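Novice: structure.txt is the file, holding compact mmCIF, C-alpha atoms (C1' of nucleotides) and all ligand atoms:
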# COMPACT_ATOMS: atom_id res chain seq x y z
CA MET A 508 0.00 0.00 0.00
CA PHE A 509 2.54 2.57 1.18
CA SER A 510 6.26 2.41 0.43
CA LYS A 511 8.68 1.48 3.22
CA ALA A 512 9.90 5.08 3.13
CA CYS A 513 6.36 6.28 3.74
CA GLU A 514 5.76 3.82 6.58
CA TYR A 515 8.93 5.03 8.27
CA GLY A 516 7.96 8.63 7.60
CA ILE A 517 4.58 8.23 9.27
CA LYS A 518 5.99 6.48 12.31
CA ALA A 519 8.81 9.00 12.60
CA ALA A 520 6.39 11.92 12.44
CA ILE A 521 4.26 10.41 15.20
CA PHE A 522 7.30 9.87 17.41
CA ILE A 523 8.56 13.38 16.80
CA ALA A 524 5.10 14.74 17.59
CA ILE A 525 5.02 12.92 20.93
CA ASN A 526 8.39 14.38 21.91
CA SER A 527 7.64 17.84 20.62
CA LYS A 528 4.62 17.97 22.91
CA GLU A 529 7.17 17.72 25.71
CA GLY A 530 9.47 20.23 24.09
CA LYS A 531 12.07 17.59 23.28
CA LEU A 532 14.14 17.41 20.11
CA VAL A 533 14.90 13.90 18.80
CA SER A 534 17.71 12.53 16.63
CA PRO A 535 17.54 10.06 13.73
CA LYS A 536 19.18 7.54 16.03
CA GLU A 537 16.50 7.80 18.70
CA ILE A 538 13.79 7.79 16.06
CA SER A 539 15.02 4.74 14.19
CA GLU A 540 15.49 2.80 17.40
CA GLU A 541 12.02 3.66 18.54
CA ILE A 542 10.24 2.94 15.27
CA ASP A 543 12.45 0.02 14.23
CA SER A 544 13.84 1.41 10.98
CA PRO A 545 17.29 1.73 9.37
CA GLN A 546 18.91 4.87 10.72
CA ALA A 547 20.55 6.38 7.63
CA PHE A 548 17.52 5.68 5.48
CA THR A 549 15.28 7.22 8.10
CA ALA A 550 17.51 10.30 8.14
CA LYS A 551 16.93 10.72 4.39
CA ILE A 552 13.20 10.55 4.92
CA LEU A 553 13.42 13.12 7.69
CA GLN A 554 15.17 15.46 5.26
CA GLU A 555 12.26 15.00 2.90
CA LEU A 556 9.77 15.80 5.65
CA VAL A 557 11.78 18.92 6.47
CA ARG A 558 11.77 19.99 2.81
CA HIS A 559 8.00 19.61 2.84
CA LYS A 560 7.84 21.65 6.06
CA ILE A 561 6.09 18.87 7.94
CA VAL A 562 8.82 18.66 10.54
CA SER A 563 11.51 21.21 11.27
CA SER A 564 15.15 20.58 12.03
CA VAL A 565 17.53 22.30 14.37
CA LYS A 566 21.04 21.95 13.01
CA GLY A 567 24.28 21.79 14.93
CA ALA A 568 25.08 20.65 18.45
CA TYR A 569 22.07 19.92 20.64
CA GLY A 570 19.96 19.94 17.51
CA GLY A 571 17.37 17.44 16.30
CA PHE A 572 13.91 17.25 14.83
CA GLU A 573 10.67 18.66 16.10
CA ILE A 574 7.18 19.61 15.05
CA ASP A 575 5.65 22.92 15.99
CA LYS A 576 3.35 22.00 18.89
CA ILE A 577 0.57 24.18 17.61
CA ARG A 578 0.54 22.32 14.26
CA ILE A 579 0.43 18.73 15.51
CA ASP A 580 -3.33 18.70 15.43
CA SER A 581 -3.55 20.16 11.96
CA ILE A 582 -1.01 17.88 10.28
CA LYS A 583 -2.83 15.03 8.57
CA LEU A 584 -1.51 11.68 7.39
CA SER A 585 -2.34 12.72 3.84
CA GLN A 586 0.38 15.38 3.94
CA ILE A 587 3.03 12.86 4.92
CA VAL A 588 1.92 10.29 2.37
CA LYS A 589 1.82 12.93 -0.35
CA ALA A 590 5.27 14.23 0.61
CA ILE A 591 6.85 10.80 0.33
CA ASP A 592 4.79 8.67 -2.05
CA GLY A 593 3.13 11.43 -4.03
CA ASP A 594 -0.58 11.38 -4.75
CA LYS A 595 -0.67 8.30 -6.94
CA ILE A 596 -2.43 6.45 -4.18
CA TYR A 597 -5.46 8.71 -4.15
CA ILE A 598 -5.70 9.81 -7.73
CA GLY A 599 -3.98 7.01 -9.65
CA CYS A 600 -5.70 4.28 -11.62
CA GLY A 601 -5.94 0.88 -9.95
CA LEU A 602 -4.86 -0.84 -13.15
CA GLY A 603 -2.07 1.58 -14.00
CA LEU A 604 -3.71 3.69 -16.72
CA GLU A 605 -1.86 6.96 -17.24
CA THR A 606 -4.62 8.85 -15.45
CA CYS A 607 -7.81 7.76 -13.74
CA ASN A 608 -10.52 9.22 -15.90
CA GLU A 609 -14.28 8.96 -15.37
CA ASN A 610 -14.81 9.31 -19.08
CA HIS A 611 -12.36 6.62 -20.05
CA PRO A 612 -12.33 4.29 -17.06
CA CYS A 613 -10.46 1.04 -16.61
CA PRO A 614 -12.48 -2.09 -15.81
CA VAL A 615 -12.19 -1.70 -12.04
CA HIS A 616 -12.67 2.07 -11.94
CA ASP A 617 -16.08 2.28 -10.24
CA LYS A 618 -15.29 -0.25 -7.58
CA PHE A 619 -11.74 0.92 -7.04
CA LYS A 620 -12.55 4.60 -6.85
CA THR A 621 -14.90 4.04 -3.94
CA ILE A 622 -12.18 2.42 -1.86
CA ARG A 623 -9.53 4.89 -2.96
CA ASP A 624 -11.72 7.85 -2.03
CA GLU A 625 -12.37 6.37 1.39
CA LEU A 626 -8.64 5.92 1.88
CA LYS A 627 -8.11 9.52 0.85
CA TYR A 628 -10.80 10.72 3.24
CA MET A 629 -9.31 8.67 6.05
CA LEU A 630 -5.80 10.04 5.45
CA GLU A 631 -7.09 13.59 5.21
CA HIS A 632 -8.98 13.29 8.48
CA THR A 633 -6.41 11.49 10.58
CA SER A 634 -4.16 13.87 12.48
CA LEU A 635 -0.74 13.33 13.96
CA GLN A 636 -2.30 14.43 17.22
CA GLU A 637 -4.69 11.52 17.55
CA LEU A 638 -2.06 8.97 16.49
CA ALA A 639 0.41 10.40 18.99
CA LEU A 640 -2.18 10.17 21.75
CA SER A 641 -2.95 6.53 21.01
CA ILE A 642 0.75 5.67 21.25
CA LYS A 643 1.19 7.67 24.44
CA ALA A 644 -1.83 6.00 25.98
CA GLY A 645 -0.30 2.60 25.19
CA ASN A 646 -3.16 1.76 22.85
CA SER A 647 -0.91 1.28 19.86
CA PHE A 648 2.69 0.44 19.06
CA PHE A 649 5.51 1.18 16.61
CA LYS A 650 7.03 -2.28 16.62
CA VAL A 651 6.45 -5.84 17.73
CA MET B 369 -1.52 -0.35 -4.54
CA PHE B 370 -0.99 -3.39 -6.77
CA SER B 371 2.31 -4.30 -8.38
CA LYS B 372 2.74 -3.80 -12.14
CA ALA B 373 2.76 -7.58 -12.46
CA CYS B 374 -0.61 -7.73 -10.75
CA GLU B 375 -2.09 -4.96 -12.88
CA TYR B 376 -1.01 -6.81 -16.01
CA GLY B 377 -2.32 -10.07 -14.58
CA ILE B 378 -5.77 -8.62 -13.93
CA LYS B 379 -6.04 -7.04 -17.36
CA ALA B 380 -4.74 -10.19 -19.05
CA ALA B 381 -7.27 -12.36 -17.23
CA ILE B 382 -10.11 -10.10 -18.30
CA PHE B 383 -8.98 -10.16 -21.92
CA ILE B 384 -8.60 -13.93 -21.88
CA ALA B 385 -12.07 -14.24 -20.34
CA ILE B 386 -13.61 -12.17 -23.11
CA ASN B 387 -12.04 -14.36 -25.77
CA SER B 388 -12.78 -17.59 -23.99
CA LYS B 389 -16.46 -16.70 -24.02
CA GLU B 390 -16.12 -16.88 -27.80
CA GLY B 391 -14.09 -20.07 -27.66
CA LYS B 392 -10.93 -18.29 -28.76
CA LEU B 393 -7.42 -18.96 -27.48
CA VAL B 394 -5.14 -15.94 -27.19
CA SER B 395 -1.34 -15.57 -27.23
CA PRO B 396 0.91 -13.42 -25.02
CA LYS B 397 1.48 -11.24 -28.06
CA GLU B 398 -2.22 -10.52 -28.59
CA ILE B 399 -2.69 -10.04 -24.87
CA SER B 400 0.18 -7.62 -24.38
CA GLU B 401 -0.85 -5.58 -27.39
CA GLU B 402 -4.41 -5.37 -26.16
CA ILE B 403 -3.61 -4.50 -22.56
CA ASP B 404 -0.53 -2.40 -23.31
CA SER B 405 2.08 -4.41 -21.40
CA PRO B 406 5.57 -5.77 -22.15
CA GLN B 407 5.16 -9.09 -23.91
CA ALA B 408 7.84 -11.26 -22.28
CA PHE B 409 6.98 -10.00 -18.82
CA THR B 410 3.32 -10.62 -19.45
CA ALA B 411 4.15 -14.18 -20.54
CA LYS B 412 5.81 -14.77 -17.16
CA ILE B 413 2.72 -13.55 -15.37
CA LEU B 414 0.54 -15.82 -17.50
CA GLN B 415 2.68 -18.76 -16.40
CA GLU B 416 2.01 -17.75 -12.81
CA LEU B 417 -1.74 -17.61 -13.46
CA VAL B 418 -1.53 -21.06 -15.05
CA ARG B 419 0.32 -22.44 -12.03
CA HIS B 420 -2.45 -21.06 -9.84
CA LYS B 421 -5.04 -22.67 -12.15
CA ILE B 422 -6.72 -19.36 -12.84
CA VAL B 423 -6.13 -19.63 -16.58
CA SER B 424 -5.21 -22.73 -18.54
CA SER B 425 -2.72 -23.01 -21.34
CA VAL B 426 -2.76 -25.07 -24.50
CA LYS B 427 0.83 -25.78 -25.50
CA GLY B 428 2.21 -26.24 -28.97
CA ALA B 429 1.04 -25.04 -32.35
CA TYR B 430 -2.36 -23.37 -32.40
CA GLY B 431 -2.13 -23.13 -28.64
CA GLY B 432 -2.70 -20.20 -26.36
CA PHE B 433 -4.42 -19.23 -23.13
CA GLU B 434 -8.03 -19.62 -22.11
CA ILE B 435 -10.31 -19.69 -19.11
CA ASP B 436 -12.91 -22.37 -18.66
CA LYS B 437 -16.13 -20.62 -19.70
CA ILE B 438 -18.06 -22.08 -16.82
CA ARG B 439 -15.60 -20.60 -14.29
CA ILE B 440 -15.47 -17.00 -15.55
CA ASP B 441 -18.27 -15.98 -13.24
CA SER B 442 -16.77 -17.65 -10.21
CA ILE B 443 -13.23 -16.28 -10.57
CA LYS B 444 -12.83 -13.22 -8.38
CA LEU B 445 -10.21 -10.47 -8.52
CA SER B 446 -9.02 -11.58 -5.09
CA GLN B 447 -7.73 -14.86 -6.56
CA ILE B 448 -5.62 -13.06 -9.14
CA VAL B 449 -4.25 -10.53 -6.66
CA LYS B 450 -3.44 -13.27 -4.20
CA ALA B 451 -1.74 -15.37 -6.88
CA ILE B 452 0.55 -12.52 -7.92
CA ASP B 453 0.97 -10.14 -4.97
CA GLY B 454 0.13 -12.51 -2.15
CA ASP B 455 -2.25 -11.54 0.62
CA LYS B 456 -0.20 -8.75 2.17
CA ILE B 457 -2.69 -6.25 0.83
CA TYR B 458 -5.62 -7.66 2.79
CA ILE B 459 -3.99 -8.93 5.91
CA GLY B 460 -0.78 -6.86 6.17
CA CYS B 461 -0.20 -3.96 8.52
CA GLY B 462 -0.47 -0.47 7.04
CA LEU B 463 2.71 0.59 8.79
CA GLY B 464 4.69 -2.56 8.04
CA LEU B 465 4.50 -4.37 11.37
CA GLU B 466 5.32 -8.06 10.99
CA THR B 467 1.67 -8.96 11.35
CA CYS B 468 -1.47 -6.93 11.79
CA ASN B 469 -2.65 -7.78 15.27
CA GLU B 470 -5.75 -6.49 17.05
CA ASN B 471 -4.04 -7.00 20.38
CA HIS B 472 -0.88 -5.18 19.45
CA PRO B 473 -2.01 -2.68 16.82
CA CYS B 474 0.02 -0.03 15.04
CA PRO B 475 -1.16 3.60 15.32
CA VAL B 476 -3.28 3.47 12.17
CA HIS B 477 -4.70 0.00 12.71
CA ASP B 478 -8.35 0.85 13.41
CA LYS B 479 -8.65 3.31 10.57
CA PHE B 480 -6.59 1.29 8.15
CA LYS B 481 -8.30 -2.01 8.81
CA THR B 482 -11.66 -0.59 7.79
CA ILE B 483 -10.38 0.43 4.39
CA ARG B 484 -8.39 -2.74 3.94
CA ASP B 485 -11.39 -4.92 4.73
CA GLU B 486 -13.51 -3.02 2.26
CA LEU B 487 -10.84 -3.53 -0.39
CA LYS B 488 -10.79 -7.22 0.45
CA TYR B 489 -14.56 -7.44 0.22
CA MET B 490 -14.55 -5.64 -3.09
CA LEU B 491 -11.89 -7.92 -4.57
CA GLU B 492 -13.68 -11.02 -3.29
CA HIS B 493 -16.96 -9.93 -4.80
CA THR B 494 -15.79 -8.69 -8.18
CA SER B 495 -15.83 -11.40 -10.82
CA LEU B 496 -13.97 -11.67 -14.07
CA GLN B 497 -17.39 -12.00 -15.66
CA GLU B 498 -18.60 -8.54 -14.76
CA LEU B 499 -15.30 -6.89 -15.71
CA ALA B 500 -15.29 -8.71 -19.04
CA LEU B 501 -18.85 -7.54 -19.74
CA SER B 502 -18.00 -3.90 -19.03
CA ILE B 503 -15.10 -4.05 -21.47
CA LYS B 504 -17.20 -5.79 -24.10
CA ALA B 505 -19.96 -3.24 -23.72
CA GLY B 506 -17.42 -0.47 -24.28
CA ASN B 507 -17.98 0.89 -20.80
CA SER B 508 -14.36 0.47 -19.78
CA PHE B 509 -10.92 0.24 -21.34
CA PHE B 510 -7.54 -1.45 -21.00
CA LYS B 511 -5.46 1.47 -22.23
CA VAL B 512 -5.63 5.15 -23.11
C1' DT C 523 37.95 30.85 18.79
C1' DA C 524 38.17 25.97 19.07
C1' DT C 525 35.64 21.86 19.77
C1' DA C 526 32.14 18.66 19.70
C1' DA C 527 27.66 17.34 18.25
C1' DA C 528 24.24 17.31 15.08
C1' DT C 529 21.70 17.75 10.38
C1' DA C 530 22.48 17.93 5.10
C1' DG C 531 23.66 15.81 1.18
C1' DG C 532 26.33 13.28 -2.29
C1' DA C 533 28.16 8.77 -3.62
C1' DT C 534 27.65 4.12 -3.50
C1' DA C 535 25.76 -0.55 -2.57
C1' DA C 536 22.22 -4.10 -1.96
C1' DA C 537 17.83 -5.91 -2.87
C1' DA C 538 13.51 -6.13 -5.15
C1' DT C 539 10.82 -5.35 -9.11
C1' DT C 540 10.29 -4.97 -13.88
C1' DA C 541 11.72 -6.40 -18.30
C1' DT C 542 14.23 -8.97 -22.09
C1' DC C 543 16.36 -12.93 -24.44
C1' DC C 544 16.96 -17.50 -25.86
C1' DG C 545 16.66 -22.36 -26.04
C1' DA C 546 13.82 -26.50 -24.53
C1' DA C 547 9.56 -28.94 -24.64
C1' DA C 548 5.05 -29.73 -26.46
C1' DT C 549 1.86 -30.36 -30.11
C1' DA C 550 -1.10 -29.64 -34.25
C1' DA C 551 -0.88 -30.00 -39.05
C1' DA C 552 1.40 -31.04 -43.33
C1' DT D 1056 7.91 -38.12 -39.39
C1' DT D 1057 9.00 -33.51 -40.19
C1' DT D 1058 7.92 -28.78 -39.62
C1' DA D 1059 6.06 -24.78 -37.78
C1' DT D 1060 4.09 -22.76 -33.88
C1' DT D 1061 3.52 -21.93 -29.25
C1' DT D 1062 4.09 -22.30 -24.08
C1' DC D 1063 7.70 -23.13 -20.43
C1' DG D 1064 11.57 -21.93 -17.93
C1' DG D 1065 16.23 -20.42 -16.97
C1' DA D 1066 19.57 -16.68 -17.47
C1' DT D 1067 20.38 -12.08 -17.72
C1' DA D 1068 19.69 -7.06 -17.79
C1' DA D 1069 17.60 -2.59 -16.51
C1' DT D 1070 15.24 0.12 -13.27
C1' DT D 1071 13.47 1.39 -8.89
C1' DT D 1072 13.46 1.05 -4.08
C1' DT D 1073 15.80 0.40 0.03
C1' DA D 1074 19.87 0.99 2.62
C1' DT D 1075 24.70 2.43 3.94
C1' DC D 1076 28.78 5.36 4.20
C1' DC D 1077 31.36 9.37 4.35
C1' DT D 1078 32.16 14.25 4.27
C1' DA D 1079 30.51 19.04 4.55
C1' DT D 1080 28.02 22.36 7.00
C1' DT D 1081 25.86 24.28 10.96
C1' DT D 1082 25.79 25.72 15.67
C1' DA D 1083 25.80 25.56 20.90
C1' DT D 1084 29.05 25.45 24.42
C1' DA D 1085 33.52 25.47 26.59
S1 LIG E 1101 -9.47 4.58 -14.52
FE1 LIG E 1101 -8.68 2.95 -13.37
S2 LIG E 1101 -9.30 3.49 -11.40
FE2 LIG E 1101 -10.14 5.09 -12.54
S1 LIG E 1102 -1.43 -3.48 13.13
FE1 LIG E 1102 -1.08 -2.03 11.59
S2 LIG E 1102 -2.86 -2.19 10.43
FE2 LIG E 1102 -3.26 -3.62 12.00
Starting from the file, give its structure as structure tokens.
Ligand code: FES
Ligand code: FES

Specialist:
Amino acid sequence: MFSKACEYGIKAAIFIAINSKEGKLVSPKEISEEIDSPQAFTAKILQELVRHKIVSSVKGAYGGFEIDKIRIDSIKLSQIVKAIDGDKIYIGCGLGLETCNENHPCPVHDKFKTIRDELKYMLEHTSLQELALSIKAGNSFFKV
Amino acid sequence: MFSKACEYGIKAAIFIAINSKEGKLVSPKEISEEIDSPQAFTAKILQELVRHKIVSSVKGAYGGFEIDKIRIDSIKLSQIVKAIDGDKIYIGCGLGLETCNENHPCPVHDKFKTIRDELKYMLEHTSLQELALSIKAGNSFFKV
DNA sequence: TATAAATAGGATAAAATTATCCGAAATAAA
DNA sequence: TTTATTTCGGATAATTTTATCCTATTTATA
């Protein structure tokens, strides 16, 4: 469904959000240990999230990554997915046609579009805030 | 969402179904031209579909691929997806945890599972028959 | 100002997916 | 039985994704 990079990106963003709520910066090392991902690869993904202004970085000694507290509630999963995997997943054709087009649909268009739109809606209405809370409350987990 | 291989497999199966309804065998060449896919790669995928007994092959001169007419209505998309991409898409975790587990869920589990189950239901209830009919009726297309 | 710690980013490698090529095996028809 | 045609299957190549490594740059503190 999502690329590995995107999975790591989502988990990383949640972990950063949790720490930012407590005013704590986190490093790629801490992040990758917590979310069970390769460190250097995770660092690349963090750079991408910074470029897309989803997280911000503090360079130099005592630096790290954080997310503006005030924005944690307004950042939606859709932004992270779009930043890393692009929007193929919500607007692309299920059978790989160049574009998904109502007027020239592929055989699964009607059925696929329904699901895809629900996925899009879900991603657009799921905030980092609620995911961070579920982790903090011990109701969900980053790794086995 | 699906791999390229799976997209080609689905389209190929639909095209074979259409021709089998008319008692016609089709070759990888005809298939790949019709569904706009690389021929040799498509041939590999056809072999996989044969191994999974979704389509049957007639070897040698005047051979080709076909689907038992009587089974076209009972073959569901889920069988093709499972044969080529496995079942990760219906039972896998959205954030890549080893297994999706109610008792040890990832942060997106509840929201993701809903969508995933709907996708599963859709694939399990969409038959080759109905997709073949929509193509035949000119209501859908394999390529731009 | 010097030092140490941290992100940024380029180069490279490994693995998976996608794609091509070619010969072997099967088989219908001549 | 020979020939032509067609699937099967192994080997290989190209591309994309995933992952690692190393150096440059930034910056807080001593
Ligand atoms: S055209 Fe294929 S999903 Fe819309
Ligand atoms: S545990 Fe992640 S989707 Fe169920």

Novice: Write out as a list in words which residues come within 10 Å of D:DT1080 when counting all atoms listed in the file, dropping same-chain ones fewer than 5 positions away.

Specialist: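 Neighbouring residues, sequence-local ones excluded: Lys566 and Gly567 of chain A; DT529, DA530 and DG531 of chain C.
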
Novice: Select from chain A every residue with an atom at most 12 Å from any atom of chain C, then for each give the shortest pair of atoms and their distance in Å to one decimal, using only C-alpha atoms (C1' of nucleotides), rows by chain and rising number, as JSON lines.

Specialist:
{"residue": "A:Leu532", "atom": "CA", "partner": "C:DA528", "partner_atom": "C1'", "distance": 11.3}
{"residue": "A:Val533", "atom": "CA", "partner": "C:DA528", "partner_atom": "C1'", "distance": 10.6}
{"residue": "A:Ser534", "atom": "CA", "partner": "C:DA528", "partner_atom": "C1'", "distance": 8.2}
{"residue": "A:Pro535", "atom": "CA", "partner": "C:DT529", "partner_atom": "C1'", "distance": 9.4}
{"residue": "A:Lys536", "atom": "CA", "partner": "C:DA528", "partner_atom": "C1'", "distance": 11.0}
{"residue": "A:Ala547", "atom": "CA", "partner": "C:DT529", "partner_atom": "C1'", "distance": 11.8}
{"residue": "A:Ala550", "atom": "CA", "partner": "C:DT529", "partner_atom": "C1'", "distance": 8.8}
{"residue": "A:Lys551", "atom": "CA", "partner": "C:DG531", "partner_atom": "C1'", "distance": 9.0}
{"residue": "A:Ile552", "atom": "CA", "partner": "C:DA530", "partner_atom": "C1'", "distance": 11.9}
{"residue": "A:Leu553", "atom": "CA", "partner": "C:DT529", "partner_atom": "C1'", "distance": 9.9}
{"residue": "A:Gln554", "atom": "CA", "partner": "C:DA530", "partner_atom": "C1'", "distance": 7.7}
{"residue": "A:Glu555", "atom": "CA", "partner": "C:DA530", "partner_atom": "C1'", "distance": 10.9}
{"residue": "A:Val557", "atom": "CA", "partner": "C:DT529", "partner_atom": "C1'", "distance": 10.7}
{"residue": "A:Arg558", "atom": "CA", "partner": "C:DA530", "partner_atom": "C1'", "distance": 11.1}
{"residue": "A:Ser563", "atom": "CA", "partner": "C:DT529", "partner_atom": "C1'", "distance": 10.8}
{"residue": "A:Ser564", "atom": "CA", "partner": "C:DT529", "partner_atom": "C1'", "distance": 7.3}
{"residue": "A:Val565", "atom": "CA", "partner": "C:DT529", "partner_atom": "C1'", "distance": 7.3}
{"residue": "A:Lys566", "atom": "CA", "partner": "C:DT529", "partner_atom": "C1'", "distance": 5.0}
{"residue": "A:Gly567", "atom": "CA", "partner": "C:DA528", "partner_atom": "C1'", "distance": 4.5}
{"residue": "A:Ala568", "atom": "CA", "partner": "C:DA527", "partner_atom": "C1'", "distance": 4.2}
{"residue": "A:Tyr569", "atom": "CA", "partner": "C:DA528", "partner_atom": "C1'", "distance": 6.5}
{"residue": "A:Gly570", "atom": "CA", "partner": "C:DA528", "partner_atom": "C1'", "distance": 5.6}
{"residue": "A:Gly571", "atom": "CA", "partner": "C:DA528", "partner_atom": "C1'", "distance": 7.0}
{"residue": "A:Phe572", "atom": "CA", "partner": "C:DT529", "partner_atom": "C1'", "distance": 9.0}

Novice: Hey, what's within 7 Å of stretch 478-488 of chain B if we count all atoms listed in the file and toss same-chain stuff fewer than 2 positions away? As a list in words, please?

Specialist: Ile622, Glu625 and Leu626 of chain A; Tyr458, Gly462, Val476, Met490, Leu491 and Glu492 of chain B

Novice: Take atom CA of B:Ile440 and atom CA of B:Leu496 and report the distance between them in Å, one decimal.

Specialist: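 Taking atom CA of B:Ile440 as the start and atom CA of B:Leu496 as the end point, the length is 5.7 Å.
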
Novice: Residues of chain B within 6 Å of chain A, counting only C-alpha atoms, what are they? List them as a ChimeraX atom specification.

Specialist: /B:369,375,463,473-475,499,508-510

Novice: Could you please select, counting all atoms listed in the file, the residues of chain D within 12 Å of chain B and state them as a count of residues only?

Specialist: 8

Novice: So how many Å separate atom C1' of D:DA1066 and atom CA of B:Phe409, to one decimal?

Specialist: 14.3 Å

Novice: What is the distance between atom CA of B:Ser446 and atom CA of B:Pro406, in Å to one decimal?

Specialist: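 Between atom CA of B:Ser446 and atom CA of B:Pro406 the gap is 23.2 Å.
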
Novice: Let me have the centre and edge lengths of the axis-aligned box enclosing all listed atoms of ligand LIG 1102 (chain E) with 8 Å padding on every side, in Å to one decimal, as AutoDock Vina command-line options.

Specialist:
--center_x -2.2 --center_y -2.8 --center_z 11.8 --size_x 18.2 --size_y 17.6 --size_z 18.7

Novice: Complete stretch 421-427 of chain B at the level of all heavy atoms, written as a PDB file, in the frame of the given file.

Specialist:
ATOM      1  N   LYS B 421      -3.817 -22.112 -11.550  1.00  0.00           N
ATOM      2  CA  LYS B 421      -5.040 -22.670 -12.150  1.00  0.00           C
ATOM      3  C   LYS B 421      -6.139 -21.634 -12.354  1.00  0.00           C
ATOM      4  O   LYS B 421      -7.327 -21.958 -12.319  1.00  0.00           O
ATOM      5  CB  LYS B 421      -5.563 -23.841 -11.296  1.00  0.00           C
ATOM      6  CG  LYS B 421      -4.528 -24.953 -11.098  1.00  0.00           C
ATOM      7  CD  LYS B 421      -5.173 -26.209 -10.558  1.00  0.00           C
ATOM      8  CE  LYS B 421      -4.118 -27.210 -10.086  1.00  0.00           C
ATOM      9  NZ  LYS B 421      -3.093 -27.547 -11.114  1.00  0.00           N
ATOM     10  N   ILE B 422      -5.733 -20.393 -12.557  1.00  0.00           N
ATOM     11  CA  ILE B 422      -6.720 -19.360 -12.840  1.00  0.00           C
ATOM     12  C   ILE B 422      -6.989 -19.329 -14.345  1.00  0.00           C
ATOM     13  O   ILE B 422      -8.118 -19.212 -14.781  1.00  0.00           O
ATOM     14  CB  ILE B 422      -6.246 -17.984 -12.324  1.00  0.00           C
ATOM     15  CG1 ILE B 422      -6.260 -17.999 -10.789  1.00  0.00           C
ATOM     16  CG2 ILE B 422      -7.128 -16.863 -12.849  1.00  0.00           C
ATOM     17  CD1 ILE B 422      -5.464 -16.916 -10.135  1.00  0.00           C
ATOM     18  N   VAL B 423      -5.933 -19.448 -15.138  1.00  0.00           N
ATOM     19  CA  VAL B 423      -6.130 -19.630 -16.580  1.00  0.00           C
ATOM     20  C   VAL B 423      -5.484 -20.963 -16.939  1.00  0.00           C
ATOM     21  O   VAL B 423      -4.663 -21.486 -16.189  1.00  0.00           O
ATOM     22  CB  VAL B 423      -5.519 -18.482 -17.428  1.00  0.00           C
ATOM     23  CG1 VAL B 423      -5.792 -17.135 -16.796  1.00  0.00           C
ATOM     24  CG2 VAL B 423      -4.039 -18.669 -17.641  1.00  0.00           C
ATOM     25  N   SER B 424      -5.869 -21.504 -18.104  1.00  0.00           N
ATOM     26  CA  SER B 424      -5.210 -22.730 -18.540  1.00  0.00           C
ATOM     27  C   SER B 424      -4.545 -22.482 -19.876  1.00  0.00           C
ATOM     28  O   SER B 424      -4.955 -21.605 -20.637  1.00  0.00           O
ATOM     29  CB  SER B 424      -6.194 -23.890 -18.608  1.00  0.00           C
ATOM     30  OG  SER B 424      -7.299 -23.533 -19.393  1.00  0.00           O
ATOM     31  N   SER B 425      -3.478 -23.224 -20.120  1.00  0.00           N
ATOM     32  CA  SER B 425      -2.720 -23.010 -21.340  1.00  0.00           C
ATOM     33  C   SER B 425      -2.832 -24.235 -22.232  1.00  0.00           C
ATOM     34  O   SER B 425      -2.948 -25.363 -21.748  1.00  0.00           O
ATOM     35  CB  SER B 425      -1.257 -22.747 -21.008  1.00  0.00           C
ATOM     36  OG  SER B 425      -0.671 -23.888 -20.428  1.00  0.00           O
ATOM     37  N   VAL B 426      -2.808 -23.985 -23.524  1.00  0.00           N
ATOM     38  CA  VAL B 426      -2.760 -25.070 -24.500  1.00  0.00           C
ATOM     39  C   VAL B 426      -1.420 -24.928 -25.210  1.00  0.00           C
ATOM     40  O   VAL B 426      -1.192 -23.936 -25.903  1.00  0.00           O
ATOM     41  CB  VAL B 426      -3.917 -24.968 -25.518  1.00  0.00           C
ATOM     42  CG1 VAL B 426      -3.797 -26.069 -26.557  1.00  0.00           C
ATOM     43  CG2 VAL B 426      -5.247 -25.035 -24.794  1.00  0.00           C
ATOM     44  N   LYS B 427      -0.531 -25.869 -24.948  1.00  0.00           N
ATOM     45  CA  LYS B 427       0.830 -25.780 -25.500  1.00  0.00           C
ATOM     46  C   LYS B 427       0.862 -26.186 -26.966  1.00  0.00           C
ATOM     47  O   LYS B 427      -0.042 -26.827 -27.465  1.00  0.00           O
ATOM     48  CB  LYS B 427       1.768 -26.688 -24.708  1.00  0.00           C
ATOM     49  CG  LYS B 427       1.940 -26.288 -23.255  1.00  0.00           C
ATOM     50  CD  LYS B 427       2.873 -27.271 -22.566  1.00  0.00           C
ATOM     51  CE  LYS B 427       2.807 -27.107 -21.052  1.00  0.00           C
ATOM     52  NZ  LYS B 427       3.576 -28.145 -20.362  1.00  0.00           N
TER      53      LYS B 427
END
